[in-house]
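Listing of start.txt; format and content: compact mmCIF, C-alpha atoms.
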```
# COMPACT_ATOMS: atom_id res chain seq x y z
CA MET A 1 55.22 120.81 -62.08
CA SER A 2 55.89 119.88 -65.70
CA ASN A 3 54.08 123.07 -66.69
CA ILE A 4 56.82 125.32 -65.26
CA ASP A 5 58.38 127.51 -67.95
CA ASP A 6 61.91 126.17 -68.58
CA ASN A 7 63.47 129.63 -68.83
CA THR A 8 61.90 130.75 -65.55
CA GLN A 9 63.03 127.61 -63.78
CA GLU A 10 66.57 127.99 -65.13
CA HIS A 11 66.63 131.59 -63.91
CA LEU A 12 65.53 130.49 -60.42
CA ASN A 13 68.16 127.75 -60.36
CA LYS A 14 70.90 130.22 -61.23
CA LEU A 15 69.62 132.58 -58.57
CA ALA A 16 69.70 129.77 -55.99
CA ASP A 17 73.29 128.93 -57.00
CA LEU A 18 74.27 132.57 -56.56
CA ILE A 19 72.72 132.59 -53.07
CA ASP A 20 74.76 129.46 -52.22
CA GLU A 21 77.92 131.24 -53.35
CA LYS A 22 77.17 134.31 -51.27
CA ILE A 23 76.32 132.23 -48.18
CA GLU A 24 79.59 130.33 -48.48
CA LYS A 25 81.49 133.60 -48.89
CA ALA A 26 79.74 135.04 -45.83
CA GLY A 27 80.61 131.97 -43.77
CA GLN A 28 84.26 132.23 -44.71
CA ALA A 29 84.33 135.93 -43.99
CA SER A 30 82.86 135.26 -40.56
CA LYS A 31 85.61 132.76 -39.81
CA ASP A 32 88.28 135.25 -40.88
CA ASN A 33 86.73 138.00 -38.79
CA LEU A 34 88.09 137.83 -35.24
CA GLU A 35 84.80 139.08 -33.81
CA GLY A 36 82.80 136.55 -35.83
CA LYS A 37 80.71 139.28 -37.48
CA VAL A 38 79.21 138.87 -40.91
CA ASP A 39 80.38 141.33 -43.55
CA GLU A 40 77.55 143.85 -43.85
CA VAL A 41 77.97 144.16 -47.62
CA ILE A 42 77.75 140.42 -48.18
CA LYS A 43 74.84 140.16 -45.76
CA GLY A 44 73.03 142.89 -47.67
CA GLU A 45 73.64 141.10 -50.96
CA VAL A 46 72.30 137.81 -49.56
CA VAL A 47 69.22 139.53 -48.13
CA ASN A 48 68.46 141.18 -51.48
CA LEU A 49 69.03 137.97 -53.45
CA VAL A 50 66.87 135.91 -51.10
CA ASN A 51 64.07 138.48 -51.24
CA LYS A 52 64.25 138.48 -55.03
CA PHE A 53 64.26 134.68 -55.07
CA ASN A 54 61.23 134.52 -52.78
CA GLU A 55 59.33 137.08 -54.85
CA GLU A 56 59.96 135.24 -58.11
CA THR A 57 59.18 131.88 -56.50
CA GLU A 58 55.89 133.25 -55.19
CA ALA A 59 55.00 134.57 -58.63
CA LEU A 60 55.86 131.21 -60.15
CA ASN A 61 53.74 129.36 -57.59
CA LYS A 62 50.73 131.47 -58.56
CA ARG A 63 51.19 130.34 -62.15
CA ILE A 64 51.49 126.72 -61.06
CA ASP A 65 48.26 126.98 -59.07
CA THR A 66 46.27 127.15 -62.28
CA PHE A 67 47.49 123.67 -63.20
CA GLU A 68 47.02 121.94 -59.82
CA VAL A 69 43.92 120.41 -58.32
CA GLU A 70 43.24 122.69 -55.40
CA ASN A 71 41.96 120.14 -52.90
CA LYS A 72 45.07 117.96 -53.33
CA LYS A 73 47.74 120.60 -53.38
CA ASN A 74 48.15 121.15 -49.64
CA ASN A 75 48.36 117.44 -48.83
CA PHE A 76 51.48 116.76 -50.88
CA ASN A 77 53.87 119.61 -50.15
CA ASN A 78 56.77 117.16 -49.81
CA THR A 79 56.53 115.88 -53.38
CA PHE A 80 59.04 117.31 -55.84
CA VAL A 81 60.08 116.57 -59.40
CA SER A 82 63.81 117.06 -58.78
CA LYS A 83 66.29 117.49 -55.96
CA LYS A 84 66.88 121.07 -57.12
CA GLU A 85 63.19 121.85 -56.62
CA ALA A 86 63.26 120.25 -53.16
CA PHE A 87 66.33 122.32 -52.27
CA ASN A 88 64.62 125.51 -53.38
CA ASP A 89 61.75 124.67 -51.05
CA ALA A 90 64.16 123.98 -48.20
CA ILE A 91 65.77 127.42 -48.65
CA GLY A 92 62.46 129.11 -48.01
CA LYS A 93 61.95 127.07 -44.82
CA SER A 94 65.46 127.43 -43.37
CA GLU A 95 65.32 129.09 -39.95
CA SER A 96 69.10 129.47 -39.87
CA LEU A 97 69.03 131.37 -43.16
CA LYS A 98 66.39 133.68 -41.76
CA ALA A 99 68.56 134.23 -38.68
CA MET A 100 71.53 135.04 -40.89
CA LYS A 101 69.48 137.57 -42.84
CA GLU A 102 68.55 139.20 -39.56
CA GLY A 103 72.22 139.32 -38.52
CA SER A 104 71.88 137.10 -35.45
CA ARG A 105 74.27 134.40 -36.70
CA GLY A 106 77.21 134.11 -39.02
CA ASN A 107 76.30 130.97 -40.96
CA ALA A 108 73.33 129.03 -42.24
CA SER A 109 72.35 125.44 -42.96
CA ILE A 110 69.81 123.98 -45.32
CA GLU A 111 68.18 120.67 -44.35
CA MET A 112 66.40 118.29 -46.72
CA LYS A 113 64.35 115.73 -44.81
CA ALA A 114 64.73 112.06 -45.65
CA ASP A 115 60.99 111.70 -46.22
CA VAL A 116 60.92 114.26 -49.07
CA LEU A 117 59.60 112.56 -52.18
CA ILE A 118 61.48 113.10 -55.44
CA SER A 119 59.23 111.67 -58.11
CA SER A 120 62.12 111.15 -60.54
CA ASP A 121 63.78 108.84 -58.00
CA PHE A 122 61.05 106.22 -58.31
CA ALA A 123 60.53 103.79 -61.17
CA GLY A 124 57.18 104.56 -62.75
CA ALA A 125 56.95 108.01 -61.13
CA SER A 126 56.40 110.95 -63.47
CA SER A 127 55.69 114.62 -63.04
CA SER A 128 52.40 114.20 -64.87
CA ARG A 129 51.10 112.29 -61.82
CA ASP A 130 52.12 115.00 -59.40
CA ALA A 131 49.27 117.33 -60.39
CA THR A 132 46.96 115.22 -58.26
CA GLY A 133 49.58 114.35 -55.63
CA VAL A 134 51.12 111.09 -54.48
CA LEU A 135 49.40 109.01 -51.81
CA ARG A 136 51.93 107.50 -49.39
CA VAL A 137 50.92 104.18 -47.89
CA ASP A 138 51.90 103.72 -44.25
CA GLY A 139 54.28 100.94 -43.22
CA ILE A 140 57.05 99.02 -44.98
CA LYS A 141 56.04 96.19 -47.28
CA ARG A 142 57.91 92.87 -46.95
CA ASP A 143 57.60 89.18 -47.67
CA PRO A 144 56.16 87.25 -44.71
CA SER A 145 58.08 84.80 -42.56
CA ASN A 146 56.87 81.31 -41.66
CA VAL A 147 53.18 81.41 -40.79
CA THR A 148 53.58 78.76 -38.09
CA ASN A 149 56.74 78.71 -35.98
CA MET A 150 57.92 75.58 -34.20
CA MET A 151 57.73 77.34 -30.84
CA GLY A 152 54.00 77.54 -31.45
CA ILE A 153 53.87 73.73 -31.76
CA ILE A 154 56.38 72.51 -29.17
CA PRO A 155 55.57 73.30 -25.51
CA VAL A 156 57.61 76.24 -24.12
CA GLY A 157 58.82 76.82 -20.56
CA ASN A 158 61.02 79.42 -18.85
CA THR A 159 64.30 78.88 -17.02
CA ASP A 160 66.88 80.94 -15.12
CA SER A 161 69.65 78.42 -15.82
CA ASN A 162 71.89 77.88 -18.83
CA VAL A 163 71.64 74.06 -18.61
CA ILE A 164 68.45 71.99 -18.49
CA ARG A 165 68.97 68.58 -16.87
CA TYR A 166 66.31 65.91 -16.99
CA VAL A 167 66.17 62.22 -16.11
CA LYS A 168 64.86 59.76 -18.69
CA GLU A 169 64.25 56.06 -18.73
CA SER A 170 66.94 54.66 -21.00
CA ALA A 171 66.09 50.96 -20.69
CA TYR A 172 63.33 48.81 -19.22
CA THR A 173 63.09 45.06 -18.78
CA ASP A 174 59.46 44.12 -18.30
CA ASN A 175 59.04 40.84 -16.48
CA ALA A 176 55.56 41.54 -15.17
CA ALA A 177 53.50 38.29 -15.34
CA ASN A 178 50.97 36.16 -13.53
CA VAL A 179 52.65 33.69 -11.17
CA ALA A 180 51.45 30.56 -9.42
CA GLU A 181 50.82 30.50 -5.70
CA GLY A 182 54.06 30.15 -3.82
CA SER A 183 56.18 31.05 -6.86
CA ALA A 184 58.58 34.00 -6.84
CA PRO A 185 58.04 36.69 -9.46
CA THR A 186 60.84 37.62 -11.83
CA ASP A 187 62.30 41.06 -11.24
CA SER A 188 61.62 43.84 -13.71
CA GLU A 189 64.51 46.22 -14.28
CA PHE A 190 64.94 49.74 -15.62
CA GLN A 191 67.77 52.18 -16.12
CA LEU A 192 67.66 55.96 -15.64
CA THR A 193 69.97 58.38 -17.38
CA ALA A 194 70.53 62.10 -16.81
CA GLU A 195 70.51 64.18 -19.99
CA ASP A 196 71.45 67.83 -20.47
CA ALA A 197 70.15 70.40 -22.92
CA VAL A 198 72.36 73.47 -23.11
CA VAL A 199 70.94 76.94 -23.70
CA GLN A 200 72.13 78.32 -27.04
CA LYS A 201 72.01 81.86 -28.39
CA THR A 202 70.41 82.96 -31.65
CA SER A 203 71.04 86.56 -32.66
CA ALA A 204 71.07 89.03 -35.52
CA VAL A 205 72.64 92.49 -35.66
CA MET A 206 72.26 95.26 -38.21
CA THR A 207 73.65 98.79 -38.27
CA ILE A 208 71.73 101.80 -39.58
CA SER A 209 72.22 105.55 -39.40
CA GLN A 210 70.50 107.56 -36.70
CA GLU A 211 69.17 109.83 -39.46
CA MET A 212 67.52 106.89 -41.18
CA LEU A 213 65.96 105.78 -37.91
CA ASP A 214 64.70 109.29 -37.16
CA ASP A 215 63.50 110.21 -40.63
CA THR A 216 61.95 107.00 -41.97
CA PRO A 217 58.38 106.67 -40.67
CA GLY A 218 57.71 103.36 -38.97
CA LEU A 219 61.31 102.07 -39.28
CA SER A 220 61.77 101.28 -35.59
CA SER A 221 58.44 99.44 -35.55
CA TYR A 222 59.43 97.57 -38.72
CA LEU A 223 62.76 96.48 -37.21
CA SER A 224 61.07 95.47 -33.95
CA GLN A 225 58.90 93.06 -35.94
CA ARG A 226 61.26 92.02 -38.73
CA LEU A 227 64.26 90.98 -36.63
CA PRO A 228 62.22 88.69 -34.33
CA ALA A 229 60.60 87.12 -37.40
CA LYS A 230 64.02 86.38 -38.88
CA ILE A 231 65.31 84.99 -35.58
CA ASN A 232 62.22 82.78 -35.30
CA THR A 233 63.04 81.41 -38.75
CA VAL A 234 66.53 80.46 -37.56
CA ILE A 235 65.03 78.88 -34.43
CA ASP A 236 62.66 76.87 -36.68
CA ASP A 237 65.68 75.61 -38.59
CA GLN A 238 67.37 74.59 -35.34
CA LEU A 239 64.32 72.93 -33.78
CA ILE A 240 63.76 70.93 -36.95
CA GLY A 241 67.27 70.09 -38.13
CA GLY A 242 69.79 71.20 -35.48
CA SER A 243 72.72 68.83 -34.95
CA GLY A 244 72.92 69.20 -31.17
CA SER A 245 76.60 70.19 -31.31
CA SER A 246 77.18 73.62 -29.75
CA PRO A 247 76.14 76.23 -30.69
CA ASN A 248 73.33 74.23 -32.34
CA LEU A 249 70.19 72.91 -30.69
CA LEU A 250 69.16 69.28 -31.08
CA GLY A 251 66.41 69.21 -33.70
CA LEU A 252 63.58 66.78 -34.33
CA MET A 253 65.21 65.28 -37.43
CA ASN A 254 68.31 64.32 -35.44
CA GLY A 255 66.73 63.59 -32.07
CA GLY A 256 63.67 61.62 -33.17
CA THR A 257 63.16 57.98 -34.13
CA THR A 258 63.62 56.91 -37.75
CA PHE A 259 60.54 55.77 -39.66
CA ALA A 260 60.01 52.00 -39.56
CA ALA A 261 57.60 50.22 -41.91
CA GLY A 262 57.00 47.43 -39.40
CA GLY A 263 54.11 45.20 -40.41
CA PHE A 264 53.52 47.31 -43.53
CA ALA A 265 56.93 46.54 -45.04
CA ASN A 266 56.62 45.60 -48.72
CA ALA A 267 52.85 45.44 -48.26
CA ILE A 268 51.50 48.55 -50.01
CA GLU A 269 51.20 48.69 -53.77
CA SER A 270 52.05 52.05 -55.36
CA ALA A 271 52.92 53.53 -51.97
CA GLN A 272 52.48 57.29 -51.77
CA GLU A 273 53.32 60.05 -49.27
CA LEU A 274 49.90 59.72 -47.68
CA ASP A 275 50.60 56.05 -46.95
CA VAL A 276 53.89 56.98 -45.28
CA LEU A 277 52.18 59.40 -42.88
CA TYR A 278 49.54 56.83 -41.90
CA VAL A 279 52.23 54.25 -41.16
CA ALA A 280 54.17 56.83 -39.12
CA MET A 281 51.03 57.46 -37.04
CA ASN A 282 50.77 53.73 -36.53
CA GLN A 283 54.41 53.61 -35.40
CA LEU A 284 53.62 56.15 -32.70
CA ALA A 285 50.47 54.30 -31.66
CA LEU A 286 52.44 51.06 -31.23
CA SER A 287 54.59 52.92 -28.66
CA ASN A 288 51.47 54.25 -26.94
CA TYR A 289 51.75 57.78 -28.31
CA ALA A 290 49.03 59.72 -30.10
CA ALA A 291 50.12 61.82 -33.07
CA ASN A 292 49.01 65.43 -32.66
CA GLY A 293 51.13 67.16 -35.27
CA ILE A 294 52.67 66.63 -38.72
CA VAL A 295 55.42 68.95 -39.98
CA LEU A 296 55.87 69.15 -43.76
CA ASN A 297 57.48 71.35 -46.34
CA PRO A 298 54.70 73.21 -48.22
CA THR A 299 55.70 71.48 -51.47
CA ASP A 300 55.15 68.02 -49.95
CA PHE A 301 51.82 69.00 -48.44
CA HIS A 302 50.47 70.27 -51.74
CA LYS A 303 51.89 67.27 -53.54
CA ILE A 304 49.84 65.06 -51.23
CA ALA A 305 46.76 67.19 -51.91
CA LEU A 306 47.24 66.59 -55.66
CA LEU A 307 47.77 62.81 -55.55
CA LYS A 308 45.47 60.90 -57.92
CA ASP A 309 44.63 57.25 -58.56
CA THR A 310 44.72 55.39 -61.87
CA THR A 311 41.28 56.79 -62.76
CA ASN A 312 42.53 60.37 -62.25
CA GLU A 313 40.53 60.79 -59.03
CA TYR A 314 42.13 62.59 -56.09
CA LEU A 315 43.31 60.26 -53.34
CA ARG A 316 42.73 62.74 -50.55
CA GLY A 317 39.05 61.88 -50.12
CA ASN A 318 38.13 62.34 -46.46
CA SER A 319 41.74 61.88 -45.33
CA LEU A 320 42.72 65.49 -46.00
CA VAL A 321 40.31 68.05 -44.57
CA SER A 322 40.43 71.65 -43.34
CA ALA A 323 39.10 72.32 -39.86
CA ASP A 324 39.81 74.74 -37.00
CA GLY A 325 42.16 76.73 -39.21
CA PHE A 326 44.35 73.67 -39.87
CA PHE A 327 44.65 71.17 -42.63
CA ARG A 328 44.35 67.73 -41.10
CA ILE A 329 45.36 64.26 -42.24
CA ASN A 330 43.35 61.59 -40.47
CA GLY A 331 42.40 64.30 -37.97
CA VAL A 332 46.03 65.24 -37.18
CA PRO A 333 46.95 68.94 -37.80
CA VAL A 334 49.48 69.61 -40.54
CA TYR A 335 52.02 72.41 -39.96
CA MET A 336 53.80 73.71 -43.04
CA ASN A 337 57.27 75.11 -42.45
CA ASN A 338 59.86 76.07 -45.07
CA LYS A 339 62.71 74.99 -42.81
CA MET A 340 61.58 71.38 -43.16
CA ALA A 341 63.53 70.20 -46.20
CA ALA A 342 61.33 69.13 -49.10
CA GLY A 343 61.04 65.34 -49.11
CA ASN A 344 61.30 64.98 -45.30
CA PHE A 345 58.61 64.71 -42.62
CA VAL A 346 58.01 64.60 -38.87
CA VAL A 347 54.98 63.04 -37.18
CA ALA A 348 55.00 63.45 -33.40
CA ASP A 349 53.22 63.57 -30.10
CA PHE A 350 54.32 67.14 -29.43
CA SER A 351 52.47 67.33 -26.13
CA GLN A 352 55.11 65.24 -24.38
CA ALA A 353 57.99 64.32 -26.71
CA SER A 354 60.04 67.53 -26.30
CA GLN A 355 60.07 71.00 -24.80
CA VAL A 356 61.67 74.38 -25.53
CA TRP A 357 63.16 76.29 -22.60
CA GLN A 358 63.57 80.08 -22.75
CA ARG A 359 66.49 81.50 -20.79
CA GLU A 360 66.05 84.89 -22.42
CA GLY A 361 62.92 85.70 -24.38
CA LEU A 362 63.21 87.08 -27.86
CA ARG A 363 63.88 90.82 -27.73
CA VAL A 364 65.21 93.70 -29.83
CA ASP A 365 67.73 96.28 -28.53
CA PHE A 366 68.86 99.61 -30.00
CA GLY A 367 72.20 101.12 -28.98
CA TYR A 368 75.25 103.22 -29.85
CA GLU A 369 77.68 101.02 -27.88
CA ASP A 370 79.27 99.18 -30.79
CA SER A 371 82.70 100.03 -32.21
CA ASP A 372 82.69 103.68 -33.35
CA ASN A 373 78.92 103.98 -33.72
CA PHE A 374 78.70 107.02 -31.45
CA SER A 375 81.18 109.11 -33.43
CA LYS A 376 79.62 108.06 -36.74
CA TYR A 377 76.04 108.66 -35.55
CA LEU A 378 75.12 105.04 -36.18
CA VAL A 379 72.74 102.78 -34.30
CA SER A 380 73.13 99.02 -33.90
CA VAL A 381 69.91 97.02 -33.78
CA ARG A 382 70.22 93.60 -32.17
CA GLY A 383 67.73 90.80 -31.91
CA ILE A 384 68.50 87.94 -29.54
CA ALA A 385 66.94 84.79 -28.06
CA ARG A 386 68.51 82.20 -25.74
CA ILE A 387 66.77 78.84 -25.67
CA ALA A 388 67.33 75.12 -25.12
CA HIS A 389 65.50 72.13 -26.62
CA SER A 390 65.00 69.04 -24.51
CA ILE A 391 63.95 65.92 -26.44
CA TYR A 392 62.59 63.80 -23.64
CA LEU A 393 61.05 60.94 -25.59
CA PRO A 394 62.60 60.18 -29.00
CA THR A 395 60.10 57.40 -29.67
CA GLY A 396 57.35 60.03 -29.53
CA ILE A 397 58.83 61.58 -32.68
CA VAL A 398 58.88 59.74 -36.03
CA LYS A 399 61.02 61.32 -38.72
CA GLY A 400 62.18 60.28 -42.14
CA ALA A 401 62.44 60.84 -45.88
CA PHE A 402 59.46 60.10 -48.11
CA SER A 403 61.60 58.45 -50.79
CA THR A 404 63.13 55.94 -48.35
CA ALA A 405 59.85 55.31 -46.55
CA LYS A 406 57.90 54.66 -49.78
CA THR A 407 60.53 52.17 -50.89
CA ALA A 408 60.17 50.32 -47.58
CA LEU A 409 56.39 50.13 -47.99
CA GLU A 410 56.28 49.23 -51.69
CA THR A 411 55.37 45.66 -52.60
CA SER A 412 58.27 43.57 -53.87
```

This entry written out as structure tokens:
Amino acid sequence: MSNIDDNTQEHLNKLADLIDEKIEKAGQASKDNLEGKVDEVIKGEVVNLVNKFNEETEALNKRIDTFEVENKKNNFNNTFVSKKEAFNDAIGKSESLKAMKEGSRGNASIEMKADVLISSDFAGASSSRDATGVLRVDGIKRDPSNVTNMMGIIPVGNTDSNVIRYVKESAYTDNAANVAEGSAPTDSEFQLTAEDAVVQKTSAVMTISQEMLDDTPGLSSYLSQRLPAKINTVIDDQLIGGSGSSPNLLGLMNGGTTFAAGGFANAIESAQELDVLYVAMNQLALSNYAANGIVLNPTDFHKIALLKDTTNEYLRGNSLVSADGFFRINGVPVYMNNKMAAGNFVVADFSQASQVWQREGLRVDFGYEDSDNFSKYLVSVRGIARIAHSIYLPTGIVKGAFSTAKTALETS
């Protein structure tokens, strides 16, 4: 379009402005006329001006054709250099304007669709590119959310209640032993405690115009994916670090058992993060659990992968391998999650230590019923999930900070 003669384009612009003026005058005249009829003189002027505009536009388009690549032209009719050019195109396509010219209505409207491309509106766009058209890529590009969510690691169940009550063994005195014939055994004792996990709500709401929803290709699909991803990120944060005080869930870092060096205290020279994870696995094994998951911040995982010895050789050796789509340390899958604070870790037997309960599965709703949305032609988009987290067996979860744990392991 850069090849359009400036004088011709200016003439067309002035002609379009004159048509606008006449249309506005006709609309006002119709309002003033008790019978709602359009002034025949004004209508005749508009018809003549529009015909002249169309004739000159058609002549101009024939000139433009010599500069366009023919096989691309028809595929990019919605690409314009300026808003004025897009408006000129809209005039020619306005059904209401045609009806006004024919005398069947007293006013007209010109609509510019939201998906019309104005090349000057985009950084890097230039009219010189428009000769071959602009290829629009489907979808909306965005940064990804967490690759692995905690609800894909912790077992999930469904409930129709807002409180999950479970009974756990809170104490056990083990007096089991061999006894001599005729001797009375010593009683073993245990205590049971009822614990509750309350269903909490995680939600997100955003308001957009109905026009944006209607006119932006793929927006509803984008929102239906994006909102759940963002809610899952909040749920990850809660399942990892939630305080347990309403409206927060109880997370692994607050509901698990603190790392204990045990027999490895002050026994490892130049203790590293890899040593800490091995000792945490041992802590679980001593309580008869089997570690089946390690949750790390990506920075800590890659730091472990880069650890070297005094000869500049990597320490990972056979300890850190990739298999079945997971990185594994001593055969235990590693799950990287950005909601785990850098410097912290969790090693757990996720198969039995805790469970997530879904009262209301994650869903996305669209509606007008919010404040004055209906009158303003706005749509509220709401994502919501209602879940509870029951930590049944805290000793099946070992959590801690690498800095503290390495100090506990380091030789004196």

Interatomic distance (Å, one decimal) between atom CA of Gly244 of chain A and atom CA of Phe301 of chain A =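 So the answer is 27.3 Å.
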
Could you check which of A:Ala285, A:Ala265, A:Ala385, A:Ala353 is closest to Asp365 of chain A, using all atoms listed in the file?
-> A:Ala385

Go through A:Val398, A:Ile153, A:Ile231, A:Ala260 and flag the residue nearest Gly361 of chain A, using only C-alpha atoms for the distances.
-> A:Ile231

Write out as a VMD selection string which residues come within 12 Å of Leu315 of chain A when counting all atoms listed in the file, dropping same-chain ones fewer than 2 positions away.
-> chain A and resid 271 to 275 303 to 313 317 to 320 329

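Each of A:Ala348, A:Asn338, A:Leu284, A:Lys406 was compared to Asp237 of chain A using all atoms listed in the file, and A:Asn338 turns out to be the nearest.
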